[in-house]
>>> print(open('run31.pdb').read())   # PDB, C-alpha atoms and all ligand atoms
ATOM      1  CA  MET A   8      45.001  -4.769  14.062
ATOM      2  CA  GLN A   9      47.011  -7.264  16.120
ATOM      3  CA  ARG A  10      45.947  -6.616  19.694
ATOM      4  CA  LEU A  11      48.448  -8.920  21.404
ATOM      5  CA  GLN A  12      51.625  -7.894  19.576
ATOM      6  CA  ASP A  13      54.759  -8.390  21.737
ATOM      7  CA  LYS A  14      52.835 -10.209  24.475
ATOM      8  CA  THR A  15      53.921 -13.565  25.884
ATOM      9  CA  CYS A  16      50.870 -15.702  26.651
ATOM     10  CA  VAL A  17      50.636 -19.044  28.460
ATOM     11  CA  VAL A  18      47.511 -21.176  27.990
ATOM     12  CA  THR A  19      46.867 -24.362  30.006
ATOM     13  CA  GLY A  20      44.881 -27.309  28.661
ATOM     14  CA  ALA A  21      45.603 -25.988  25.161
ATOM     15  CA  ALA A  22      45.910 -29.313  23.331
ATOM     16  CA  ARG A  23      42.276 -29.202  22.272
ATOM     17  CA  GLY A  24      38.893 -27.542  22.849
ATOM     18  CA  ILE A  25      38.581 -24.047  24.308
ATOM     19  CA  GLY A  26      42.269 -23.810  25.285
ATOM     20  CA  HIS A  27      43.358 -24.613  21.748
ATOM     21  CA  ALA A  28      40.967 -22.029  20.285
ATOM     22  CA  ILE A  29      42.293 -19.394  22.723
ATOM     23  CA  ALA A  30      45.903 -20.205  21.798
ATOM     24  CA  ALA A  31      45.104 -19.971  18.075
ATOM     25  CA  ARG A  32      43.304 -16.653  18.520
ATOM     26  CA  PHE A  33      46.115 -15.165  20.619
ATOM     27  CA  HIS A  34      48.635 -16.243  17.974
ATOM     28  CA  ALA A  35      46.492 -14.618  15.277
ATOM     29  CA  GLU A  36      46.481 -11.432  17.391
ATOM     30  CA  GLY A  37      50.296 -11.342  17.247
ATOM     31  CA  ALA A  38      51.192 -12.946  20.604
ATOM     32  CA  GLU A  39      53.983 -15.361  21.353
ATOM     33  CA  VAL A  40      51.931 -18.240  22.735
ATOM     34  CA  ILE A  41      53.140 -21.128  24.879
ATOM     35  CA  LEU A  42      50.649 -23.971  24.716
ATOM     36  CA  THR A  43      50.692 -26.295  27.720
ATOM     37  CA  ASP A  44      48.806 -29.504  28.491
ATOM     38  CA  ARG A  45      49.278 -32.794  30.288
ATOM     39  CA  ASP A  46      48.528 -34.583  26.993
ATOM     40  CA  GLN A  47      51.933 -34.216  25.358
ATOM     41  CA  GLU A  48      51.263 -35.922  22.048
ATOM     42  CA  THR A  49      48.134 -33.922  21.201
ATOM     43  CA  GLY A  50      49.691 -30.801  22.684
ATOM     44  CA  HIS A  51      52.806 -30.947  20.508
ATOM     45  CA  ALA A  52      50.679 -31.496  17.389
ATOM     46  CA  ALA A  53      48.299 -28.666  18.328
ATOM     47  CA  ALA A  54      51.171 -26.239  18.916
ATOM     48  CA  ALA A  55      52.860 -27.207  15.656
ATOM     49  CA  ALA A  56      49.592 -26.679  13.761
ATOM     50  CA  ILE A  57      49.385 -23.086  15.027
ATOM     51  CA  GLY A  58      53.128 -22.421  14.800
ATOM     52  CA  CYS A  59      53.770 -22.069  18.547
ATOM     53  CA  CYS A  60      55.807 -23.919  21.138
ATOM     54  CA  PHE A  61      54.572 -26.501  23.611
ATOM     55  CA  VAL A  62      55.536 -27.200  27.221
ATOM     56  CA  ALA A  63      54.216 -30.289  29.046
ATOM     57  CA  LEU A  64      52.389 -29.176  32.185
ATOM     58  CA  ASP A  65      49.943 -30.971  34.452
ATOM     59  CA  VAL A  66      48.270 -28.042  36.232
ATOM     60  CA  ALA A  67      47.855 -30.038  39.449
ATOM     61  CA  GLU A  68      51.608 -30.708  39.731
ATOM     62  CA  GLU A  69      53.535 -27.999  41.539
ATOM     63  CA  ARG A  70      56.819 -29.265  40.065
ATOM     64  CA  ASP A  71      55.498 -28.727  36.540
ATOM     65  CA  TRP A  72      54.728 -25.075  37.370
ATOM     66  CA  GLU A  73      58.218 -24.638  38.831
ATOM     67  CA  GLN A  74      59.679 -26.005  35.617
ATOM     68  CA  LEU A  75      57.501 -23.641  33.560
ATOM     69  CA  ALA A  76      58.715 -20.719  35.696
ATOM     70  CA  ARG A  77      62.298 -21.635  34.765
ATOM     71  CA  LEU A  78      61.454 -21.986  31.064
ATOM     72  CA  VAL A  79      59.066 -19.010  30.839
ATOM     73  CA  PRO A  80      60.022 -16.633  33.675
ATOM     74  CA  THR A  81      57.978 -13.678  32.413
ATOM     75  CA  ALA A  82      54.499 -13.597  30.922
ATOM     76  CA  ASP A  83      51.952 -10.929  30.018
ATOM     77  CA  VAL A  84      48.895 -13.177  29.882
ATOM     78  CA  VAL A  85      48.129 -16.481  31.619
ATOM     79  CA  VAL A  86      44.938 -18.393  30.829
ATOM     80  CA  ASN A  87      44.056 -21.042  33.414
ATOM     81  CA  ASN A  88      41.846 -23.135  31.173
ATOM     82  CA  ALA A  89      42.630 -26.798  31.954
ATOM     83  CA  GLY A  90      39.692 -28.465  33.640
ATOM     84  CA  ILE A  91      37.880 -31.778  34.011
ATOM     85  CA  THR A  92      34.282 -32.739  34.718
ATOM     86  CA  GLY A  93      35.071 -36.012  36.484
ATOM     87  CA  PHE A  94      33.154 -37.966  33.807
ATOM     88  CA  GLU A  95      36.151 -38.514  31.504
ATOM     89  CA  ASP A  96      36.244 -42.271  32.126
ATOM     90  CA  GLY A  97      32.480 -42.774  31.992
ATOM     91  CA  PRO A  98      29.540 -42.078  34.267
ATOM     92  CA  VAL A  99      30.288 -42.013  37.995
ATOM     93  CA  PRO A 100      28.019 -40.583  40.699
ATOM     94  CA  HIS A 101      28.865 -36.952  41.354
ATOM     95  CA  ASP A 102      25.750 -35.944  43.281
ATOM     96  CA  PRO A 103      26.116 -34.671  46.872
ATOM     97  CA  GLU A 104      24.831 -37.952  48.332
ATOM     98  CA  HIS A 105      26.886 -40.503  46.382
ATOM     99  CA  ALA A 106      30.054 -38.795  45.170
ATOM    100  CA  SER A 107      33.155 -40.378  46.682
ATOM    101  CA  LEU A 108      35.724 -38.237  48.466
ATOM    102  CA  GLU A 109      38.295 -39.535  46.008
ATOM    103  CA  GLN A 110      36.253 -38.370  42.985
ATOM    104  CA  TRP A 111      35.501 -35.035  44.669
ATOM    105  CA  ARG A 112      39.193 -34.428  45.340
ATOM    106  CA  ALA A 113      40.255 -35.497  41.836
ATOM    107  CA  VAL A 114      38.063 -32.806  40.276
ATOM    108  CA  HIS A 115      39.182 -30.129  42.740
ATOM    109  CA  ARG A 116      42.838 -31.063  42.276
ATOM    110  CA  VAL A 117      42.723 -30.114  38.600
ATOM    111  CA  ASN A 118      40.102 -27.359  38.501
ATOM    112  CA  LEU A 119      40.825 -25.530  41.752
ATOM    113  CA  ASP A 120      44.371 -26.474  42.816
ATOM    114  CA  GLY A 121      45.433 -26.127  39.179
ATOM    115  CA  THR A 122      43.986 -22.625  38.962
ATOM    116  CA  PHE A 123      45.518 -21.634  42.313
ATOM    117  CA  LEU A 124      48.961 -22.785  41.119
ATOM    118  CA  GLY A 125      48.409 -21.087  37.753
ATOM    119  CA  CYS A 126      47.541 -17.765  39.396
ATOM    120  CA  ARG A 127      50.570 -18.057  41.682
ATOM    121  CA  TYR A 128      52.835 -18.712  38.689
ATOM    122  CA  ALA A 129      51.222 -15.818  36.789
ATOM    123  CA  ILE A 130      51.802 -13.331  39.608
ATOM    124  CA  GLY A 131      55.463 -14.354  39.765
ATOM    125  CA  ALA A 132      55.807 -14.061  35.996
ATOM    126  CA  MET A 133      54.085 -10.642  35.815
ATOM    127  CA  LYS A 134      55.430  -8.989  38.961
ATOM    128  CA  ALA A 135      58.614  -7.581  37.463
ATOM    129  CA  ARG A 136      56.605  -5.611  34.883
ATOM    130  CA  ARG A 137      53.867  -4.915  37.445
ATOM    131  CA  ALA A 138      51.275  -5.615  34.739
ATOM    132  CA  GLY A 139      49.478  -8.489  33.088
ATOM    133  CA  SER A 140      46.186 -10.289  32.571
ATOM    134  CA  ILE A 141      45.164 -13.534  34.276
ATOM    135  CA  ILE A 142      42.113 -15.207  32.761
ATOM    136  CA  ASN A 143      40.506 -18.082  34.647
ATOM    137  CA  ILE A 144      38.068 -20.329  32.824
ATOM    138  CA  SER A 145      35.314 -21.078  35.316
ATOM    139  CA  SER A 146      31.868 -22.138  34.093
ATOM    140  CA  ARG A 147      28.197 -21.360  34.164
ATOM    141  CA  SER A 148      28.261 -24.288  36.599
ATOM    142  CA  GLY A 149      30.252 -22.080  38.973
ATOM    143  CA  LEU A 150      27.288 -19.698  39.220
ATOM    144  CA  VAL A 151      24.447 -22.152  39.848
ATOM    145  CA  GLY A 152      24.069 -25.526  41.556
ATOM    146  CA  ILE A 153      24.478 -28.670  39.428
ATOM    147  CA  PRO A 154      23.058 -31.622  41.402
ATOM    148  CA  MET A 155      24.650 -34.380  39.280
ATOM    149  CA  ALA A 156      28.047 -32.655  38.943
ATOM    150  CA  ALA A 157      28.476 -31.244  42.437
ATOM    151  CA  ALA A 158      32.285 -31.455  42.527
ATOM    152  CA  TYR A 159      32.611 -29.704  39.165
ATOM    153  CA  ALA A 160      30.166 -26.969  40.198
ATOM    154  CA  ALA A 161      31.855 -26.402  43.576
ATOM    155  CA  SER A 162      35.324 -26.270  42.008
ATOM    156  CA  LYS A 163      34.207 -23.760  39.379
ATOM    157  CA  ALA A 164      32.481 -21.586  42.012
ATOM    158  CA  ALA A 165      35.767 -21.550  43.914
ATOM    159  CA  VAL A 166      37.621 -20.522  40.734
ATOM    160  CA  ARG A 167      35.235 -17.572  40.375
ATOM    161  CA  ASN A 168      35.880 -16.455  43.945
ATOM    162  CA  HIS A 169      39.636 -16.991  43.815
ATOM    163  CA  SER A 170      39.789 -14.834  40.677
ATOM    164  CA  LYS A 171      38.378 -11.941  42.705
ATOM    165  CA  SER A 172      40.858 -12.534  45.565
ATOM    166  CA  VAL A 173      43.723 -12.505  43.059
ATOM    167  CA  ALA A 174      42.387  -9.321  41.416
ATOM    168  CA  LEU A 175      42.137  -7.512  44.760
ATOM    169  CA  TYR A 176      45.496  -8.781  46.015
ATOM    170  CA  CYS A 177      47.295  -7.549  42.899
ATOM    171  CA  ALA A 178      45.530  -4.187  43.075
ATOM    172  CA  GLN A 179      46.569  -3.860  46.749
ATOM    173  CA  GLN A 180      50.201  -4.336  45.698
ATOM    174  CA  ARG A 181      49.703  -1.398  43.273
ATOM    175  CA  TRP A 182      50.284  -3.679  40.283
ATOM    176  CA  GLN A 183      48.307  -3.421  37.061
ATOM    177  CA  ILE A 184      47.923  -7.193  37.125
ATOM    178  CA  ARG A 185      44.302  -7.986  36.343
ATOM    179  CA  CYS A 186      42.385 -11.188  36.998
ATOM    180  CA  ASN A 187      38.986 -12.054  35.562
ATOM    181  CA  SER A 188      36.865 -15.177  35.126
ATOM    182  CA  ILE A 189      34.981 -16.475  32.101
ATOM    183  CA  HIS A 190      31.837 -18.569  32.582
ATOM    184  CA  PRO A 191      30.899 -20.558  29.490
ATOM    185  CA  ALA A 192      27.822 -22.770  29.341
ATOM    186  CA  ALA A 193      27.560 -25.517  26.693
ATOM    187  CA  ILE A 194      30.507 -25.068  24.313
ATOM    188  CA  LEU A 195      30.931 -27.829  21.739
ATOM    189  CA  THR A 196      34.322 -29.387  22.540
ATOM    190  CA  PRO A 197      35.610 -32.947  23.078
ATOM    191  CA  MET A 198      34.645 -32.541  26.764
ATOM    192  CA  TRP A 199      31.046 -33.309  25.757
ATOM    193  CA  GLU A 200      31.817 -36.488  23.808
ATOM    194  CA  PRO A 201      31.313 -38.957  26.702
ATOM    195  CA  MET A 202      27.860 -37.399  27.263
ATOM    196  CA  LEU A 203      26.840 -37.139  23.571
ATOM    197  CA  GLY A 204      28.029 -40.534  22.363
ATOM    198  CA  THR A 205      28.135 -41.583  18.713
ATOM    199  CA  GLY A 206      24.776 -43.367  18.487
ATOM    200  CA  PRO A 207      21.777 -42.409  16.338
ATOM    201  CA  ASP A 208      20.367 -40.300  19.178
ATOM    202  CA  ARG A 209      23.396 -37.958  19.221
ATOM    203  CA  GLU A 210      21.566 -35.088  17.456
ATOM    204  CA  ALA A 211      18.553 -35.495  19.750
ATOM    205  CA  ARG A 212      20.823 -35.428  22.816
ATOM    206  CA  MET A 213      22.504 -32.269  21.566
ATOM    207  CA  ALA A 214      19.164 -30.578  20.950
ATOM    208  CA  ALA A 215      17.916 -31.618  24.402
ATOM    209  CA  LEU A 216      21.031 -30.230  26.094
ATOM    210  CA  VAL A 217      20.450 -26.743  24.649
ATOM    211  CA  ALA A 218      16.643 -26.775  24.667
ATOM    212  CA  ASP A 219      16.602 -24.309  27.594
ATOM    213  CA  THR A 220      19.283 -22.070  26.066
ATOM    214  CA  PRO A 221      17.681 -18.921  24.596
ATOM    215  CA  LEU A 222      19.978 -19.060  21.516
ATOM    216  CA  ARG A 223      19.117 -22.797  21.125
ATOM    217  CA  ARG A 224      22.577 -23.976  20.154
ATOM    218  CA  PHE A 225      25.948 -24.935  21.579
ATOM    219  CA  GLY A 226      28.540 -22.186  21.710
ATOM    220  CA  LEU A 227      31.804 -22.464  19.788
ATOM    221  CA  PRO A 228      35.315 -22.521  21.296
ATOM    222  CA  GLU A 229      36.152 -19.543  19.041
ATOM    223  CA  GLU A 230      33.367 -17.556  20.706
ATOM    224  CA  VAL A 231      35.055 -18.064  24.090
ATOM    225  CA  ALA A 232      38.436 -17.222  22.545
ATOM    226  CA  ALA A 233      37.076 -13.875  21.339
ATOM    227  CA  VAL A 234      36.213 -12.820  24.899
ATOM    228  CA  ALA A 235      39.557 -14.118  26.178
ATOM    229  CA  ALA A 236      41.346 -11.991  23.540
ATOM    230  CA  MET A 237      39.485  -8.901  24.736
ATOM    231  CA  LEU A 238      40.496  -9.609  28.362
ATOM    232  CA  ALA A 239      44.102 -10.289  27.339
ATOM    233  CA  ALA A 240      44.434  -7.050  25.381
ATOM    234  CA  ASP A 241      45.244  -3.628  26.823
ATOM    235  CA  GLU A 242      41.814  -2.351  25.748
ATOM    236  CA  SER A 243      40.431  -3.999  28.913
ATOM    237  CA  ALA A 244      43.039  -2.360  31.178
ATOM    238  CA  TYR A 245      40.386  -1.197  33.692
ATOM    239  CA  VAL A 246      38.635  -4.585  33.905
ATOM    240  CA  THR A 247      39.605  -6.686  36.929
ATOM    241  CA  GLY A 248      37.750  -8.924  39.368
ATOM    242  CA  ALA A 249      34.955  -9.235  36.815
ATOM    243  CA  GLU A 250      33.100 -12.266  35.474
ATOM    244  CA  PHE A 251      31.864 -12.850  31.935
ATOM    245  CA  THR A 252      29.135 -15.332  31.055
ATOM    246  CA  ILE A 253      29.159 -16.850  27.550
ATOM    247  CA  ASP A 254      25.991 -18.895  27.702
ATOM    248  CA  GLY A 255      23.623 -18.042  24.856
ATOM    249  CA  GLY A 256      21.470 -16.121  27.329
ATOM    250  CA  LEU A 257      20.943 -19.041  29.722
ATOM    251  CA  LEU A 258      21.487 -17.119  32.950
ATOM    252  CA  ALA A 259      19.660 -14.002  31.766
ATOM    253  CA  GLY A 260      16.317 -15.441  32.807
ATOM    254  CA  SER A 261      14.693 -18.303  34.612
ATOM    255  CA  SER A 262      12.880 -21.394  33.376
ATOM    256  CA  ALA A 263      10.063 -20.230  35.654
ATOM    257  CA  THR A 264       9.680 -16.935  33.750
ATOM    258  CA  PRO A 265       5.927 -16.273  33.280
ATOM    259  CA  GLY A 266       4.977 -16.678  29.633
ATOM    260  CA  GLY A 267       8.090 -18.758  28.858
TER
HETATM  261  N1  LIG A 301      32.995 -27.202  26.935
HETATM  262  C1  LIG A 301      32.125 -26.639  27.746
HETATM  263  O1  LIG A 301      30.911 -26.710  27.538
HETATM  264  C2  LIG A 301      32.601 -25.876  28.956
HETATM  265  C3  LIG A 301      31.657 -25.120  29.677
HETATM  266  C4  LIG A 301      32.074 -24.410  30.792
HETATM  267  C5  LIG A 301      33.385 -24.431  31.165
HETATM  268  N2  LIG A 301      34.289 -25.164  30.452
HETATM  269  C6  LIG A 301      35.669 -25.155  30.922
HETATM  270  O2  LIG A 301      36.530 -24.791  29.859
HETATM  271  C7  LIG A 301      37.791 -25.432  30.034
HETATM  272  C8  LIG A 301      38.163 -26.171  28.768
HETATM  273  O3  LIG A 301      37.144 -27.103  28.493
HETATM  274  P1  LIG A 301      37.038 -27.907  27.114
HETATM  275  O4  LIG A 301      35.596 -28.072  26.852
HETATM  276  O5  LIG A 301      37.906 -27.301  26.098
HETATM  277  O6  LIG A 301      37.620 -29.323  27.600
HETATM  278  P2  LIG A 301      38.393 -30.472  26.809
HETATM  279  O7  LIG A 301      38.204 -31.688  27.637
HETATM  280  O8  LIG A 301      37.993 -30.510  25.379
HETATM  281  O9  LIG A 301      39.920 -29.995  26.889
HETATM  282  C9  LIG A 301      40.537 -29.884  28.136
HETATM  283  C10 LIG A 301      42.038 -29.916  27.948
HETATM  284  O10 LIG A 301      42.605 -29.812  29.253
HETATM  285  C11 LIG A 301      43.606 -30.796  29.387
HETATM  286  N3  LIG A 301      43.762 -31.158  30.788
HETATM  287  C12 LIG A 301      42.919 -31.864  31.569
HETATM  288  N4  LIG A 301      43.442 -32.014  32.787
HETATM  289  C13 LIG A 301      44.638 -31.389  32.779
HETATM  290  C14 LIG A 301      45.647 -31.203  33.737
HETATM  291  N5  LIG A 301      45.567 -31.737  34.967
HETATM  292  N6  LIG A 301      46.731 -30.477  33.394
HETATM  293  C15 LIG A 301      46.855 -29.967  32.160
HETATM  294  N7  LIG A 301      45.944 -30.143  31.193
HETATM  295  C16 LIG A 301      44.847 -30.848  31.502
HETATM  296  C17 LIG A 301      43.150 -31.962  28.520
HETATM  297  O11 LIG A 301      44.238 -32.803  28.167
HETATM  298  C18 LIG A 301      42.539 -31.223  27.334
HETATM  299  O12 LIG A 301      43.497 -30.963  26.341
HETATM  300  C19 LIG A 301      37.649 -26.326  31.270
HETATM  301  O13 LIG A 301      38.129 -25.677  32.415
HETATM  302  C20 LIG A 301      36.149 -26.508  31.370
HETATM  303  O14 LIG A 301      35.736 -26.802  32.681
HETATM  304  C21 LIG A 301      33.922 -25.881  29.356
END
>>> encode(input="run31.pdb", output="structure tokens", more="lines below")
Ligand SMILES: NC(=O)c1ccc[n+]([C@@H]2O[C@H](COP(=O)([O-])OP(=O)(O)OC[C@H]3O[C@@H](n4cnc5c(N)ncnc54)[C@H](O)[C@@H]3O)[C@@H](O)[C@H]2O)c1
Amino acid sequence: MQRLQDKTCVVTGAARGIGHAIAARFHAEGAEVILTDRDQETGHAAAAAIGCCFVALDVAEERDWEQLARLVPTADVVVNNAGITGFEDGPVPHDPEHASLEQWRAVHRVNLDGTFLGCRYAIGAMKARRAGSIINISSRSGLVGIPMAAAYAASKAAVRNHSKSVALYCAQQRWQIRCNSIHPAAILTPMWEPMLGTGPDREARMAALVADTPLRRFGLPEEVAAVAAMLAADESAYVTGAEFTIDGGLLAGSSATPGG
């Protein structure tokens, strides 16, 4: 059964990783998918590989959203997926004592401002039909403190909260426009490459990163896409303002649990 037949879906940061997997899954579910990304070359290739169209969009640029609104004035599903850790160009201090204001703002500009602008676009694109599904990709890091990635954690916590404000606002307008957040933990995408490296200790690093995860492995982008498809489809019509962890059981317990 194709659950997203006749739906127009916009996915940000869809050139690779989780966004690309979501776009591919939505397409397989029968949707017309518009892939967007600031990386135009990879984005065009990714869209062509799935058989969808691509629109260049830097989520932090208001003008890009205005252009998207002209090109794609109505949408049924918007996935605000684009995000950065702040470590893309190598290790920089992101702890609360040493993070620079510039670094802090750079992460918030993409993760939080980008999601705010994406939700605003989505409301405008869904209002005429008074229905739709907005899916914001937050993180497990938005639910707990991350000392060495404080800007990332704070921005993702804000995405979680803004998703609830959007959900309540839309409900107050008497629209069936839903907004939910997804909170993945370690999902194996190119985002991890700067931290994993290509050296002989890569496998050991990977194992160490998921040693505390009850399922003892990285998650797959397709596993996030499956939850996104459920939230995009009409089967979840009564789900709004909710949050979904996809973390191999990480947040189900505590490392201090007696008996391990
Ligand atoms: N991979 C994980 O373990 C993990 C865990 C929790 C949350 N997330 C979140 O999932 C989302 C996707 O992560 P991923 O692992 O696929 O990352 P990724 O780095 O593999 O892909 C991110 C994509 O977003 C694009 N992008 C970055 N900044 C952008 C901007 N300003 N405008 C438009 N596009 C931009 C990149 O070009 C890239 O194509 C992010 O929001 C991330 O924070 C990922």
>>> residues_around(input="run31.pdb", residues="Gly226 in chain A", least_positions_apart="5", cutoff="10 Å", atoms="all atoms listed in the file", output="PDB file with C-alpha atoms, in the coordinates of the input")
ATOM      1  CA  PRO A 191      30.899 -20.558  29.490  1.00  0.00           C
ATOM      2  CA  ALA A 192      27.822 -22.770  29.341  1.00  0.00           C
ATOM      3  CA  ALA A 193      27.560 -25.517  26.693  1.00  0.00           C
ATOM      4  CA  ILE A 194      30.507 -25.068  24.313  1.00  0.00           C
ATOM      5  CA  LEU A 195      30.931 -27.829  21.739  1.00  0.00           C
ATOM      6  CA  THR A 196      34.322 -29.387  22.540  1.00  0.00           C
ATOM      7  CA  VAL A 217      20.450 -26.743  24.649  1.00  0.00           C
ATOM      8  CA  VAL A 231      35.055 -18.064  24.090  1.00  0.00           C
ATOM      9  CA  ILE A 253      29.159 -16.850  27.550  1.00  0.00           C
ATOM     10  CA  ASP A 254      25.991 -18.895  27.702  1.00  0.00           C
ATOM     11  CA  GLY A 255      23.623 -18.042  24.856  1.00  0.00           C
TER      12      GLY A 255
END
>>> residues_around(input="run31.pdb", residues="range 113-117 of chain A", least_positions_apart="6", cutoff="8 Å", atoms="all atoms listed in the file", output="list in words")
Val66, Ala67, Ala89, Gly90, Ile91, Thr92, Gly93, Ala158, Tyr159 and Ser162 of chain A
>>> closest_residue(input="run31.pdb", among="A:Ile41, A:Ala156, A:Ser145, A:Arg127", to="Gln110 in chain A", atoms="all atoms listed in the file")
A:Ala156
>>> resolve_selection(input="run31.pdb", expression="the PyMOL selection byres (((chain A and resi 235-240) around 7) and not hetatm)", output="PDB file with C-alpha atoms, keeping the file's coordinate frame")
ATOM      1  CA  ARG A  10      45.947  -6.616  19.694  1.00  0.00           C
ATOM      2  CA  LEU A  11      48.448  -8.920  21.404  1.00  0.00           C
ATOM      3  CA  ILE A  29      42.293 -19.394  22.723  1.00  0.00           C
ATOM      4  CA  PHE A  33      46.115 -15.165  20.619  1.00  0.00           C
ATOM      5  CA  VAL A  84      48.895 -13.177  29.882  1.00  0.00           C
ATOM      6  CA  SER A 140      46.186 -10.289  32.571  1.00  0.00           C
ATOM      7  CA  VAL A 231      35.055 -18.064  24.090  1.00  0.00           C
ATOM      8  CA  ALA A 232      38.436 -17.222  22.545  1.00  0.00           C
ATOM      9  CA  ALA A 233      37.076 -13.875  21.339  1.00  0.00           C
ATOM     10  CA  VAL A 234      36.213 -12.820  24.899  1.00  0.00           C
ATOM     11  CA  ASP A 241      45.244  -3.628  26.823  1.00  0.00           C
ATOM     12  CA  GLU A 242      41.814  -2.351  25.748  1.00  0.00           C
ATOM     13  CA  SER A 243      40.431  -3.999  28.913  1.00  0.00           C
TER      14      SER A 243
END
>>> closest_residue(input="run31.pdb", among="A:Ala52, A:Ala76, A:Val62, A:Val246", to="Leu175 in chain A", atoms="only C-alpha atoms")
A:Val246
>>> atom_distance(input="run31.pdb", atom1="CA of Asp65 in chain A", atom2="CA of Thr205 in chain A")
28.9 Å
>>> residues_around(input="run31.pdb", residues="Ala129 in chain A", least_positions_apart="5", cutoff="8 Å", atoms="only C-alpha atoms", output="list in words")
Ala82, Val84, Val85 and Ile141 of chain A
>>> write_last_selection(input="run31.pdb", atoms="C-alpha atoms", output="mmCIF file, keeping the file's coordinate frame")
data_model
loop_
_atom_site.group_PDB
_atom_site.id
_atom_site.type_symbol
_atom_site.label_atom_id
_atom_site.label_comp_id
_atom_site.auth_asym_id
_atom_site.auth_seq_id
_atom_site.Cartn_x
_atom_site.Cartn_y
_atom_site.Cartn_z
ATOM 1 C CA ALA A 82 54.499 -13.597 30.922
ATOM 2 C CA VAL A 84 48.895 -13.177 29.882
ATOM 3 C CA VAL A 85 48.129 -16.481 31.619
ATOM 4 C CA ILE A 141 45.164 -13.534 34.276
#
>>> residues_around(input="run31.pdb", residues="range 206-213 of chain A", least_positions_apart="5", cutoff="9 Å", atoms="all atoms listed in the file", output="ChimeraX atom specification")
/A:218,224-225
>>> atom_distance(input="run31.pdb", atom1="CA of Ser170 in chain A", atom2="CA of Cys59 in chain A")
27.2 Å
>>> atom_distance(input="run31.pdb", atom1="CA of Asn118 in chain A", atom2="CA of Asn187 in chain A")
15.6 Å
>>> closest_residue(input="run31.pdb", among="A:Ile144, A:Leu119, A:Ala132, A:Leu227", to="ligand LIG 301 (chain A)", atoms="all atoms listed in the file")
A:Ile144
>>> resolve_selection(input="run31.pdb", expression="the PyMOL selection byres (((chain A and resi 257) around 9) and not hetatm)", output="CSV table (one decimal) with C-alpha atoms, in the coordinates of the input")
chain,number,residue,atom,x,y,z
A,147,ARG,CA,28.2,-21.4,34.2
A,192,ALA,CA,27.8,-22.8,29.3
A,219,ASP,CA,16.6,-24.3,27.6
A,220,THR,CA,19.3,-22.1,26.1
A,221,PRO,CA,17.7,-18.9,24.6
A,222,LEU,CA,20.0,-19.1,21.5
A,253,ILE,CA,29.2,-16.8,27.6
A,254,ASP,CA,26.0,-18.9,27.7
A,255,GLY,CA,23.6,-18.0,24.9
A,256,GLY,CA,21.5,-16.1,27.3
A,258,LEU,CA,21.5,-17.1,33.0
A,259,ALA,CA,19.7,-14.0,31.8
A,260,GLY,CA,16.3,-15.4,32.8
A,261,SER,CA,14.7,-18.3,34.6
>>> closest_residue(input="run31.pdb", among="A:Ser172, A:Ser107, A:Asn143, A:Thr15", to="Val86 in chain A", atoms="only C-alpha atoms")
A:Asn143
>>> axis_aligned_box(input="run31.pdb", around="ligand LIG 301 (chain A)", padding_each_side="5 Å", output="lines of an AutoDock Vina configuration file")
center_x = 38.9
center_y = -28.6
center_z = 30.2
size_x = 25.9
size_y = 18.4
size_z = 19.6
>>> closest_residue(input="run31.pdb", among="A:Pro154, A:Gly248, A:Pro197, A:Gly97", to="Arg185 in chain A", atoms="all atoms listed in the file")
A:Gly248
>>> decode(input="run31.pdb", residues="range 29-38 of chain A", atoms="N, CA and C atoms", output="CSV table (one decimal), in the first residue's frame")
chain,number,residue,atom,x,y,z
A,29,ILE,N,14.8,9.6,4.0
A,29,ILE,CA,13.4,10.0,4.2
A,29,ILE,C,12.8,10.3,2.8
A,30,ALA,N,13.5,11.0,2.0
A,30,ALA,CA,13.0,11.4,0.6
A,30,ALA,C,12.8,10.1,-0.2
A,31,ALA,N,13.7,9.2,-0.1
A,31,ALA,CA,13.6,7.9,-0.9
A,31,ALA,C,12.4,7.1,-0.4
A,32,ARG,N,12.2,7.1,0.9
A,32,ARG,CA,11.0,6.3,1.5
A,32,ARG,C,9.7,7.0,1.1
A,33,PHE,N,9.6,8.3,1.2
A,33,PHE,CA,8.4,9.0,0.8
A,33,PHE,C,8.1,8.7,-0.7
A,34,HIS,N,9.1,8.8,-1.5
A,34,HIS,CA,8.9,8.5,-2.9
A,34,HIS,C,8.4,7.1,-3.1
A,35,ALA,N,8.9,6.1,-2.4
A,35,ALA,CA,8.5,4.8,-2.5
A,35,ALA,C,7.0,4.6,-2.0
A,36,GLU,N,6.6,5.5,-1.1
A,36,GLU,CA,5.2,5.5,-0.6
A,36,GLU,C,4.3,6.2,-1.5
A,37,GLY,N,4.8,6.7,-2.7
A,37,GLY,CA,3.9,7.3,-3.6
A,37,GLY,C,3.8,8.8,-3.6
A,38,ALA,N,4.7,9.5,-2.8
A,38,ALA,CA,4.6,10.9,-2.7
A,38,ALA,C,5.3,11.6,-3.9
